[in-house]
Structures are given as structure tokens and as C-alpha cells.
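J.: Contents of work-v7.pdb (PDB, C-alpha atoms) are given next:
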ATOM      1  CA  MET A   1     106.551  99.746  65.711
ATOM      2  CA  GLY A   2     106.674  95.969  66.232
ATOM      3  CA  VAL A   3     105.696  93.813  69.183
ATOM      4  CA  PRO A   4     108.059  94.475  72.123
ATOM      5  CA  LYS A   5     110.260  91.713  73.523
ATOM      6  CA  LEU A   6     110.322  90.493  77.089
ATOM      7  CA  PRO A   7     113.351  91.788  78.992
ATOM      8  CA  THR A   8     116.115  89.265  79.682
ATOM      9  CA  ILE A   9     118.178  89.929  82.808
ATOM     10  CA  ASP A  10     121.567  88.463  83.687
ATOM     11  CA  LEU A  11     121.506  87.264  87.295
ATOM     12  CA  SER A  12     124.782  85.370  87.128
ATOM     13  CA  VAL A  13     127.153  85.529  90.092
ATOM     14  CA  GLU A  14     129.634  87.489  87.983
ATOM     15  CA  LYS A  15     127.039  90.133  87.035
ATOM     16  CA  LEU A  16     125.786  90.547  90.599
ATOM     17  CA  LYS A  17     129.338  90.927  91.910
ATOM     18  CA  THR A  18     130.062  93.813  89.557
ATOM     19  CA  SER A  19     126.651  95.510  89.288
ATOM     20  CA  TYR A  20     124.341  94.416  92.086
ATOM     21  CA  LEU A  21     122.449  97.662  92.714
ATOM     22  CA  GLY A  22     122.065  98.354  89.017
ATOM     23  CA  THR A  23     120.687  94.852  88.448
ATOM     24  CA  CYS A  24     118.254  95.298  91.367
ATOM     25  CA  LYS A  25     116.898  98.381  89.600
ATOM     26  CA  GLU A  26     116.721  96.436  86.327
ATOM     27  CA  VAL A  27     114.684  93.647  87.980
ATOM     28  CA  ARG A  28     112.314  96.091  89.672
ATOM     29  CA  GLU A  29     111.721  98.090  86.502
ATOM     30  CA  ALA A  30     111.076  94.930  84.470
ATOM     31  CA  LEU A  31     108.394  93.856  86.946
ATOM     32  CA  GLU A  32     106.907  97.371  86.969
ATOM     33  CA  ASP A  33     106.851  97.702  83.180
ATOM     34  CA  TYR A  34     106.294  94.125  81.957
ATOM     35  CA  GLY A  35     105.234  92.179  85.044
ATOM     36  CA  CYS A  36     107.895  89.602  84.209
ATOM     37  CA  PHE A  37     111.344  88.977  82.786
ATOM     38  CA  VAL A  38     113.378  86.103  81.387
ATOM     39  CA  VAL A  39     116.460  84.730  83.128
ATOM     40  CA  ASN A  40     118.869  82.011  82.062
ATOM     41  CA  TYR A  41     119.232  80.163  85.362
ATOM     42  CA  GLU A  42     122.300  77.948  85.369
ATOM     43  CA  ASP A  43     121.589  76.378  88.760
ATOM     44  CA  VAL A  44     119.090  74.055  87.025
ATOM     45  CA  SER A  45     121.270  71.830  84.849
ATOM     46  CA  HIS A  46     120.264  70.385  81.492
ATOM     47  CA  GLN A  47     120.212  66.971  83.170
ATOM     48  CA  LEU A  48     117.754  68.183  85.830
ATOM     49  CA  HIS A  49     115.635  69.811  83.105
ATOM     50  CA  GLU A  50     115.447  66.513  81.222
ATOM     51  CA  SER A  51     114.650  64.558  84.391
ATOM     52  CA  LEU A  52     111.903  67.046  85.286
ATOM     53  CA  LEU A  53     110.333  66.607  81.848
ATOM     54  CA  SER A  54     110.641  62.806  81.929
ATOM     55  CA  GLU A  55     109.117  62.485  85.411
ATOM     56  CA  SER A  56     106.309  64.923  84.526
ATOM     57  CA  LYS A  57     105.342  62.742  81.573
ATOM     58  CA  LYS A  58     105.265  59.649  83.808
ATOM     59  CA  LEU A  59     102.989  61.513  86.227
ATOM     60  CA  PHE A  60     100.508  62.534  83.544
ATOM     61  CA  ASP A  61     100.502  59.011  82.102
ATOM     62  CA  LEU A  62      98.951  57.742  85.342
ATOM     63  CA  PRO A  63      95.207  56.920  85.275
ATOM     64  CA  THR A  64      92.936  59.918  85.917
ATOM     65  CA  ASP A  65      91.469  58.374  89.061
ATOM     66  CA  VAL A  66      94.978  58.151  90.530
ATOM     67  CA  LYS A  67      95.797  61.779  89.685
ATOM     68  CA  MET A  68      92.489  62.880  91.226
ATOM     69  CA  ARG A  69      93.816  61.725  94.613
ATOM     70  CA  ASN A  70      95.730  65.019  94.590
ATOM     71  CA  ILE A  71      93.204  67.060  96.571
ATOM     72  CA  SER A  72      93.551  70.220  98.660
ATOM     73  CA  ASP A  73      91.352  72.546 100.687
ATOM     74  CA  LYS A  74      92.995  75.452  98.811
ATOM     75  CA  PRO A  75      91.707  76.284  95.308
ATOM     76  CA  TYR A  76      94.038  75.248  92.458
ATOM     77  CA  PHE A  77      96.457  73.480  94.817
ATOM     78  CA  GLY A  78      95.341  69.976  93.853
ATOM     79  CA  TYR A  79      94.409  68.184  90.648
ATOM     80  CA  VAL A  80      92.785  70.363  87.967
ATOM     81  CA  GLY A  81      91.208  68.773  84.904
ATOM     82  CA  ASN A  82      87.844  67.837  83.446
ATOM     83  CA  HIS A  83      86.331  71.051  84.814
ATOM     84  CA  PRO A  84      83.869  73.259  82.905
ATOM     85  CA  SER A  85      85.862  76.455  83.610
ATOM     86  CA  ILE A  86      89.141  74.901  82.407
ATOM     87  CA  PRO A  87      89.962  74.277  78.719
ATOM     88  CA  PRO A  88      89.606  70.543  77.995
ATOM     89  CA  ASN A  89      93.233  70.148  76.920
ATOM     90  CA  HIS A  90      94.579  71.450  80.270
ATOM     91  CA  GLU A  91      95.533  69.155  83.153
ATOM     92  CA  SER A  92      97.670  69.926  86.201
ATOM     93  CA  LEU A  93      98.648  68.713  89.666
ATOM     94  CA  GLY A  94     100.092  70.558  92.644
ATOM     95  CA  ILE A  95     102.733  69.666  95.240
ATOM     96  CA  SER A  96     102.277  71.892  98.305
ATOM     97  CA  ASN A  97     105.309  72.843 100.423
ATOM     98  CA  SER A  98     107.427  71.509  97.594
ATOM     99  CA  THR A  99     110.762  72.522  99.146
ATOM    100  CA  ILE A 100     110.111  70.197 102.118
ATOM    101  CA  LEU A 101     111.094  66.572 101.474
ATOM    102  CA  GLU A 102     108.327  65.027 103.585
ATOM    103  CA  HIS A 103     105.616  66.799 101.582
ATOM    104  CA  VAL A 104     107.104  65.746  98.248
ATOM    105  CA  GLN A 105     107.360  62.160  99.545
ATOM    106  CA  THR A 106     103.703  62.266 100.602
ATOM    107  CA  PHE A 107     102.670  63.356  97.100
ATOM    108  CA  THR A 108     104.879  60.698  95.503
ATOM    109  CA  ASN A 109     103.452  57.931  97.696
ATOM    110  CA  LEU A 110      99.946  59.119  96.835
ATOM    111  CA  MET A 111     100.638  58.715  93.116
ATOM    112  CA  TRP A 112     102.694  55.504  93.357
ATOM    113  CA  PRO A 113     101.463  53.820  96.567
ATOM    114  CA  SER A 114     102.713  50.316  95.691
ATOM    115  CA  THR A 115     106.057  50.912  94.031
ATOM    116  CA  GLY A 116     107.043  54.431  95.050
ATOM    117  CA  ASN A 117     109.062  56.573  92.640
ATOM    118  CA  GLU A 118     112.346  57.654  94.168
ATOM    119  CA  ASN A 119     113.564  59.422  91.039
ATOM    120  CA  PHE A 120     110.378  61.509  90.833
ATOM    121  CA  CYS A 121     110.697  62.535  94.473
ATOM    122  CA  GLU A 122     114.398  63.405  94.181
ATOM    123  CA  THR A 123     113.861  65.351  90.965
ATOM    124  CA  MET A 124     110.983  67.445  92.318
ATOM    125  CA  ILE A 125     112.635  68.359  95.618
ATOM    126  CA  ASP A 126     115.904  69.199  93.845
ATOM    127  CA  TYR A 127     114.131  71.338  91.257
ATOM    128  CA  ALA A 128     111.858  73.168  93.727
ATOM    129  CA  THR A 129     114.749  73.884  96.104
ATOM    130  CA  ARG A 130     116.945  75.296  93.364
ATOM    131  CA  VAL A 131     114.206  77.448  91.825
ATOM    132  CA  SER A 132     113.114  78.719  95.251
ATOM    133  CA  LYS A 133     116.606  80.211  95.577
ATOM    134  CA  LEU A 134     115.951  82.208  92.409
ATOM    135  CA  GLU A 135     112.603  83.359  93.826
ATOM    136  CA  LYS A 136     114.253  84.541  97.047
ATOM    137  CA  LEU A 137     116.978  86.356  95.125
ATOM    138  CA  VAL A 138     114.477  88.222  92.952
ATOM    139  CA  LYS A 139     112.346  89.146  95.954
ATOM    140  CA  ARG A 140     115.386  90.424  97.868
ATOM    141  CA  MET A 141     116.485  92.510  94.891
ATOM    142  CA  VAL A 142     113.073  94.138  94.486
ATOM    143  CA  PHE A 143     112.716  94.803  98.205
ATOM    144  CA  GLU A 144     116.180  96.362  98.352
ATOM    145  CA  SER A 145     115.505  98.472  95.260
ATOM    146  CA  TYR A 146     112.423  99.870  97.028
ATOM    147  CA  GLY A 147     114.472 100.487 100.177
ATOM    148  CA  VAL A 148     112.543  98.052 102.382
ATOM    149  CA  GLY A 149     114.885  95.055 102.314
ATOM    150  CA  GLU A 150     115.986  95.175 105.940
ATOM    151  CA  LYS A 151     112.472  95.851 107.177
ATOM    152  CA  CYS A 152     110.458  93.365 105.101
ATOM    153  CA  TYR A 153     112.569  90.676 103.488
ATOM    154  CA  ASP A 154     113.215  88.259 106.363
ATOM    155  CA  SER A 155     109.588  88.143 107.488
ATOM    156  CA  HIS A 156     108.424  87.506 103.920
ATOM    157  CA  VAL A 157     110.846  84.622 103.504
ATOM    158  CA  GLU A 158     109.825  83.124 106.848
ATOM    159  CA  SER A 159     106.141  83.165 105.866
ATOM    160  CA  SER A 160     106.722  81.879 102.297
ATOM    161  CA  THR A 161     105.457  78.531 101.080
ATOM    162  CA  PHE A 162     106.048  77.113  97.616
ATOM    163  CA  LEU A 163     103.508  75.345  95.445
ATOM    164  CA  LEU A 164     104.984  73.354  92.555
ATOM    165  CA  ARG A 165     102.441  72.825  89.765
ATOM    166  CA  LEU A 166     103.094  70.367  86.965
ATOM    167  CA  ILE A 167     101.029  71.212  83.892
ATOM    168  CA  LYS A 168     100.235  69.414  80.637
ATOM    169  CA  TYR A 169      98.512  70.928  77.618
ATOM    170  CA  LYS A 170      97.339  68.305  75.144
ATOM    171  CA  SER A 171      98.001  69.053  71.485
ATOM    172  CA  PRO A 172      95.102  70.254  69.315
ATOM    173  CA  ASP A 173      93.233  67.535  67.438
ATOM    174  CA  GLU A 174      93.978  69.079  64.056
ATOM    175  CA  LEU A 175      97.201  70.315  62.489
ATOM    176  CA  ASN A 176      97.439  74.137  62.183
ATOM    177  CA  LYS A 177      94.469  74.575  64.521
ATOM    178  CA  LEU A 178      94.830  77.139  67.321
ATOM    179  CA  GLU A 179      93.394  76.089  70.647
ATOM    180  CA  ILE A 180      93.268  77.821  74.023
ATOM    181  CA  GLY A 181      95.189  75.802  76.588
ATOM    182  CA  CYS A 182      94.730  78.328  79.376
ATOM    183  CA  HIS A 183      92.501  81.411  79.383
ATOM    184  CA  ALA A 184      94.018  84.840  80.039
ATOM    185  CA  HIS A 185      94.506  85.367  83.767
ATOM    186  CA  THR A 186      96.826  86.872  86.348
ATOM    187  CA  ASP A 187      98.422  84.660  88.981
ATOM    188  CA  LYS A 188      97.318  85.017  92.583
ATOM    189  CA  SER A 189     100.808  84.209  93.836
ATOM    190  CA  PHE A 190     103.406  86.680  95.077
ATOM    191  CA  LEU A 191     105.914  85.468  92.495
ATOM    192  CA  THR A 192     105.660  82.716  89.886
ATOM    193  CA  ILE A 193     108.624  81.118  88.145
ATOM    194  CA  LEU A 194     107.677  79.236  84.974
ATOM    195  CA  HIS A 195     109.760  76.683  83.099
ATOM    196  CA  GLN A 196     108.743  74.450  80.224
ATOM    197  CA  ASP A 197     109.696  72.135  77.374
ATOM    198  CA  GLU A 198     110.437  73.377  73.846
ATOM    199  CA  VAL A 199     106.793  73.730  72.734
ATOM    200  CA  ASN A 200     105.664  77.353  72.303
ATOM    201  CA  GLY A 201     102.302  78.639  73.502
ATOM    202  CA  LEU A 202     102.752  80.982  76.468
ATOM    203  CA  GLU A 203     101.847  84.626  75.733
ATOM    204  CA  ILE A 204     102.089  87.656  78.055
ATOM    205  CA  GLN A 205     100.008  90.812  77.641
ATOM    206  CA  THR A 206     101.790  94.170  77.617
ATOM    207  CA  LYS A 207     100.910  96.801  80.184
ATOM    208  CA  ASP A 208      99.098  98.947  77.614
ATOM    209  CA  GLY A 209      96.964  95.957  76.612
ATOM    210  CA  GLN A 210      97.959  96.335  72.968
ATOM    211  CA  HIS A 211     100.147  93.254  72.443
ATOM    212  CA  TRP A 212     100.643  89.639  73.403
ATOM    213  CA  ILE A 213     104.339  88.717  73.642
ATOM    214  CA  GLY A 214     105.310  85.098  73.071
ATOM    215  CA  PHE A 215     107.769  83.431  75.462
ATOM    216  CA  GLN A 216     110.499  81.574  73.568
ATOM    217  CA  PRO A 217     111.476  78.596  75.738
ATOM    218  CA  SER A 218     114.822  76.868  76.118
ATOM    219  CA  PRO A 219     116.131  74.344  78.687
ATOM    220  CA  SER A 220     117.898  77.139  80.600
ATOM    221  CA  SER A 221     115.256  79.886  80.324
ATOM    222  CA  PHE A 222     112.874  80.735  83.153
ATOM    223  CA  LEU A 223     110.121  83.329  83.232
ATOM    224  CA  VAL A 224     109.861  85.248  86.516
ATOM    225  CA  MET A 225     106.374  86.716  86.824
ATOM    226  CA  ALA A 226     104.696  88.928  89.440
ATOM    227  CA  GLY A 227     101.332  87.859  90.825
ATOM    228  CA  ASP A 228      98.396  89.820  92.202
ATOM    229  CA  ALA A 229      99.765  89.611  95.744
ATOM    230  CA  PHE A 230     102.992  91.324  94.673
ATOM    231  CA  LEU A 231     100.961  94.019  92.878
ATOM    232  CA  ALA A 232      99.028  94.748  96.083
ATOM    233  CA  TRP A 233     102.113  94.602  98.344
ATOM    234  CA  SER A 234     103.861  97.127  96.078
ATOM    235  CA  ASN A 235     100.881  99.515  96.328
ATOM    236  CA  GLY A 236     100.213  99.105  92.620
ATOM    237  CA  ARG A 237     103.760  99.754  91.398
ATOM    238  CA  ILE A 238     104.355  96.180  90.224
ATOM    239  CA  TYR A 239     102.406  94.995  87.165
ATOM    240  CA  ALA A 240     100.689  91.597  87.360
ATOM    241  CA  ALA A 241     100.642  90.618  83.690
ATOM    242  CA  PRO A 242      97.708  88.706  82.209
ATOM    243  CA  HIS A 243      98.983  85.654  80.358
ATOM    244  CA  ARG A 244      97.503  82.761  78.399
ATOM    245  CA  VAL A 245      98.466  79.602  76.541
ATOM    246  CA  VAL A 246      97.535  79.197  72.874
ATOM    247  CA  MET A 247      98.346  75.760  71.462
ATOM    248  CA  SER A 248      99.074  74.744  67.889
ATOM    249  CA  GLY A 249     100.812  71.819  66.192
ATOM    250  CA  ARG A 250     100.642  68.188  67.271
ATOM    251  CA  LYS A 251     102.895  68.085  70.325
ATOM    252  CA  ALA A 252     101.732  68.238  73.916
ATOM    253  CA  ARG A 253     103.254  70.999  76.034
ATOM    254  CA  TYR A 254     104.675  70.383  79.511
ATOM    255  CA  SER A 255     105.198  73.270  81.896
ATOM    256  CA  THR A 256     106.197  73.697  85.546
ATOM    257  CA  GLY A 257     105.351  76.626  87.789
ATOM    258  CA  LEU A 258     106.741  77.413  91.238
ATOM    259  CA  PHE A 259     104.212  79.709  92.968
ATOM    260  CA  THR A 260     104.975  81.609  96.173
ATOM    261  CA  TYR A 261     102.244  82.068  98.772
ATOM    262  CA  HIS A 262     102.434  83.662 102.208
ATOM    263  CA  GLU A 263     100.963  82.635 105.525
ATOM    264  CA  GLY A 264      99.309  85.343 107.599
ATOM    265  CA  VAL A 265      98.582  88.944 106.655
ATOM    266  CA  ILE A 266     100.550  90.907 104.041
ATOM    267  CA  HIS A 267     101.023  94.612 104.839
ATOM    268  CA  ILE A 268     101.831  97.349 102.333
ATOM    269  CA  PRO A 269     105.093  99.058 103.420
ATOM    270  CA  ASN A 270     104.713 102.702 104.416
ATOM    271  CA  GLU A 271     107.755 103.504 102.265
ATOM    272  CA  LEU A 272     105.731 102.669  99.133
ATOM    273  CA  VAL A 273     103.032 105.219  99.961
ATOM    274  CA  ASP A 274     103.633 108.836  98.978
ATOM    275  CA  HIS A 275     102.028 111.784  97.188
ATOM    276  CA  GLN A 276     102.474 110.166  93.782
ATOM    277  CA  HIS A 277     101.420 106.749  95.073
ATOM    278  CA  PRO A 278      98.568 107.160  97.600
ATOM    279  CA  LEU A 279      97.614 104.023  99.495
ATOM    280  CA  GLN A 280      95.569 101.719  97.245
ATOM    281  CA  PHE A 281      95.327  98.488  99.264
ATOM    282  CA  LYS A 282      94.433  97.288 102.724
ATOM    283  CA  PRO A 283      96.462  94.603 104.538
ATOM    284  CA  PHE A 284      95.270  91.280 103.175
ATOM    285  CA  ASN A 285      95.354  87.537 103.698
ATOM    286  CA  HIS A 286      97.033  85.845 100.751
ATOM    287  CA  TYR A 287      94.911  82.705 100.837
ATOM    288  CA  GLY A 288      91.873  84.936 101.241
ATOM    289  CA  LEU A 289      92.834  86.526  97.915
ATOM    290  CA  LEU A 290      93.079  83.076  96.336
ATOM    291  CA  ASN A 291      89.692  82.023  97.722
ATOM    292  CA  TYR A 292      88.148  85.272  96.504
ATOM    293  CA  PHE A 293      89.438  84.637  93.001
ATOM    294  CA  SER A 294      88.080  81.095  92.948
ATOM    295  CA  SER A 295      84.627  82.298  93.975
ATOM    296  CA  SER A 296      84.484  85.348  91.665
ATOM    297  CA  ILE A 297      86.640  84.402  88.707
ATOM    298  CA  THR A 298      85.261  87.217  86.523
ATOM    299  CA  ALA A 299      86.868  89.980  88.626
ATOM    300  CA  HIS A 300      89.085  92.034  86.327
ATOM    301  CA  SER A 301      91.647  92.739  89.041
ATOM    302  CA  SER A 302      91.110  90.391  91.930
ATOM    303  CA  SER A 303      93.601  92.122  94.245
ATOM    304  CA  LYS A 304      91.914  95.489  93.681
ATOM    305  CA  ALA A 305      88.454  93.966  94.138
ATOM    306  CA  TYR A 306      89.503  91.918  97.167
ATOM    307  CA  CYS A 307      91.597  94.372  99.193
ATOM    308  CA  GLY A 308      91.588  97.664  97.314
ATOM    309  CA  LEU A 309      90.601 100.918  98.985
TER     310      LEU A 309
END
What do you get writing this file as C-alpha cells?

T.:
Amino acid sequence: MGVPKLPTIDLSVEKLKTSYLGTCKEVREALEDYGCFVVNYEDVSHQLHESLLSESKKLFDLPTDVKMRNISDKPYFGYVGNHPSIPPNHESLGISNSTILEHVQTFTNLMWPSTGNENFCETMIDYATRVSKLEKLVKRMVFESYGVGEKCYDSHVESSTFLLRLIKYKSPDELNKLEIGCHAHTDKSFLTILHQDEVNGLEIQTKDGQHWIGFQPSPSSFLVMAGDAFLAWSNGRIYAAPHRVVMSGRKARYSTGLFTYHEGVIHIPNELVDHQHPLQFKPFNHYGLLNYFSSSITAHSSSKAYCGL
């Protein structure tokens, strides 16, 4: 038996019109079994994809001292690079509240204080807004498949904030050399939506721990991935998949992640607790989970260690 493939799900308007409930079940089962799935998302055009890549490269070409102005009181929300716990070929920056124009403008002015960069700002807000619609759709579909859509969905959307992280992995120094660009980890987000250039490297671990599945990128392909917060909210039904980046070849890899976080306390719905699924988690603060992870990075399952019963 070979290595399994990641599920690809059609979320086009036409598919949802004809088979909405069936597709909701498909999305939920993919997140339960694989922790992620691939979607070809047509709302991000090829032109926007190319602009995102071009503007990301301009950002990473800035001097390091300029990029280090990107600071935050939340772990992993600001500039990450030149850190002993991070592989040396990894560098990333974060735009908090990336679906709100004023916050994207603030980040842009921080990076280009003299000249500004209108195209960067327009590209990032356009991209984050469009991808956040995909995040909301997936969340609604999972909530409705569990039968808690009416009860939980609106409050989750109202408390959602979106972190857009732009990531660069430098190419290995030697041809044919394999190099870790990002150690195996699970995201602390509720949902993560990853998009990237054509350079391979992202690998996702199967639920049985036996395989690493490579993600084959294309300009229209997005990887929707459940984080530790979604695992806890679902009372352990959703799988938060460990994933890593392994680099080879002589091309740098550019990736973009939209991470959902929630203000306030997240409660596990009573509907997800039954005889087969006894309550596993306490109500928890999402940013508390993130802070816990940053202070105890060796925890095998940070949601279980942080708020498990």
C-alpha cells in the first residue's frame, strides 16, 4: 500500500448548489481523518497570486533591521528569524487583523516609512479578505455538519481575527541537499489556510503517524488545515495534523498562511459530548493556548496539555 493522497474537495458555487450537505460531510470527514484538505479556490485569481508572490519578495528583500520592526506582544505574530529554535533558512513576518485596511496600512508604513507601498497594501488586503471568505465557508460547513451551526457559528465569526504570515524559506546551500525549513509542529490557530509558490517542501503527517504526504502546489491550490484550537473545540474529533517543510534544490520557497484566532473564551459545544466522545477539554482562551505553546514548545499536544481534562 502506497502513501495516501490528501483529499481534494470541490467547493465551487456549482457544487455547493447541487450537493451542499454532502460536501459539508466531506469537509468534516477530511478534517477528522487528515486534518486538512486541498481546494482549488478560484476567488484568488492568477493575477492576485502573482502579485502576492512579487510583493512578498520585495518585503523579504528589505534589510533585516527594517523587518525586525514587525513586533507583537503575541508569540509568532511579528518578525521571526535568526532565532535558535527556528531553522536558519526560515524567515517570516505577520500582519495582524489583516482583513482590516488600517492594520495593513500600518504594517506597510512600518516597512516603507518614506515611500509607502500602495501595491503591497492593496494586494495583502485583497488577498486576506478573499481567503477569509474561504475560512468562514469551511467553518460554517463543519459547524453545520456537527449540527451546531445556528448555535455557534455567528459568535465564532464575530470573535475571529486573521493573522496573515508571509514566509520565506531560503534554498539549501548545496544542490541535492535536504534541509529542514520548518520543524514538525501543529498550528495553534483554529483554521489555517496555506498558499505558496511552485517550490515543493510542505509535508503533512497522516493520523496513524506512518507517512508524510507532500503537498503539490499550484497557483490555484490552497491547503485548509485544522489547528489545535479546532481540535479542542471539536472535543477531539478534528485532527490537528503535524506538518513540516523539507527543502531541496536551489530555489527559495515563498509561502503565505492565513491563521484564524479567537478573542475571549472558546467553549466545547454540548452536542459534541456523548457516550462515545466524553468531554476531553475545558473552555479555553485561544491566546492562552498560543502563549502556553511558546513557553513549553516540547509539549506533544499543546491543546491537551493546556486545557485537557

J.: What does the distance from atom CA of A:Leu164 to atom CA of A:Tyr76 come to in Å, to one decimal?

T.: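 Going from atom CA of A:Leu164 over to atom CA of A:Tyr76 covers 11.1 Å.
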
J.: Quick one: which residues end up in the PyMOL selection byres ((chain A and resi 285) around 12) for this structure, as a list of chain:residue names?

T.: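 Matching residues under the PyMOL selection byres ((chain A and resi 285) around 12) are A:Ser159, A:Lys188, A:Ser189, A:Phe190, A:Ala229, A:Ala232, A:Trp233, A:Tyr261, A:His262, A:Glu263, A:Gly264, A:Val265, A:Ile266, A:His267, A:Ile268, A:Phe281, A:Lys282, A:Pro283, A:Phe284, A:His286, A:Tyr287, A:Gly288, A:Leu289, A:Leu290, A:Asn291, A:Tyr292, A:Ser303, A:Tyr306, A:Cys307.
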
J.: For each of A:Gln216, A:Thr256, A:Thr186, A:Gln276, take the minimum atom-to-atom distance to A:Lys168, counting only C-alpha atoms, then give the residue where this is smallest.

T.: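 For A:Lys168, the nearest of the given residues is A:Thr256.
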
J.: Give me the residues within 12 Å of A:Val13 as JSON, numbers by chain, counting only C-alpha atoms and dropping any in the same chain fewer than 5 places off.

T.: {"A": [18, 19, 20, 23, 41, 42, 43, 134, 137]}

J.: Stretch 196-213 of chain A: which residues within 8 Å, counting only C-alpha atoms, same-chain residues fewer than 6 positions away excluded, as a ChimeraX atom specification?

T.: /A:3-6,33-35,53,219,239,241-248,251-256

J.: Go ahead and compute the interatomic distance for atom CA of A:Gln105 and atom CA of A:Ser56, in Å to one decimal.

T.: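 If I compute the distance from atom CA of A:Gln105 to atom CA of A:Ser56, I get 15.3 Å.
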
J.: The PyMOL selection byres ((chain A and resi 82-95) around 9) - which residues does that actually catch in the file I just gave you? List them as a PyMOL selection string.

T.: chain A and resi 60+67-68+70-72+76-81+96-98+103-104+107+162-172+179-183

J.: What does the distance between atom CA of A:Ser302 and atom CA of A:Thr8 come to in Å, to one decimal place?

T.: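 Result for atom CA of A:Ser302 versus atom CA of A:Thr8: 27.9 Å, one decimal.
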
J.: For the file shown, report as a VMD selection string the outcome of the PyMOL selection byres ((chain A and resi 26-32) around 8) at residue level.

T.: chain A and resid 7 9 22 to 25 33 to 37 138 141 to 142 145 225 to 226 237 to 239

J.: Nearest to A:Thr192 among A:Glu118, A:Leu279, A:Ser296, A:Val38, with distances taken over all atoms listed in the file: which residue is it?

T.: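 Under the stated criterion, the closest residue is A:Val38.
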
J.: Using the file's own x, y and z axes, so that the box edges lie along x, y and z, what centre and edge lengths in Å (one decimal) does a box around every listed atom of stretch 48-62 of chain A get when 8 Å is added on each side? Give it as lines of an AutoDock Vina configuration file.

T.:
center_x = 108.4
center_y = 63.8
center_z = 83.7
size_x = 34.8
size_y = 28.1
size_z = 21.0

J.: Which is closer to A:Glu135 than all the others in A:Gly116, A:Gly257, A:Gly236, A:Gly2, using all atoms listed in the file?

T.: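 Closest candidate: A:Gly257.
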
J.: Restricting the calculation to all atoms listed in the file, which member of A:Val224, A:Val148, A:Val66, A:Val131 is positioned closest to A:Asn109?

T.: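 Using all atoms listed in the file, the shortest distance to A:Asn109 belongs to A:Val66.
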
J.: Report as a VMD selection string all protein, DNA and RNA residues lying within 9 Å of A:Leu48, evaluated on all atoms listed in the file, omitting residues in the same chain fewer than 5 positions from it.

T.: chain A and resid 53 123 126 to 127

J.: Taking into account only C-alpha atoms, which residue in the set A:Ala240, A:Met111, A:Val39, A:Leu272 is nearest to A:Asp65?

T.: A:Met111
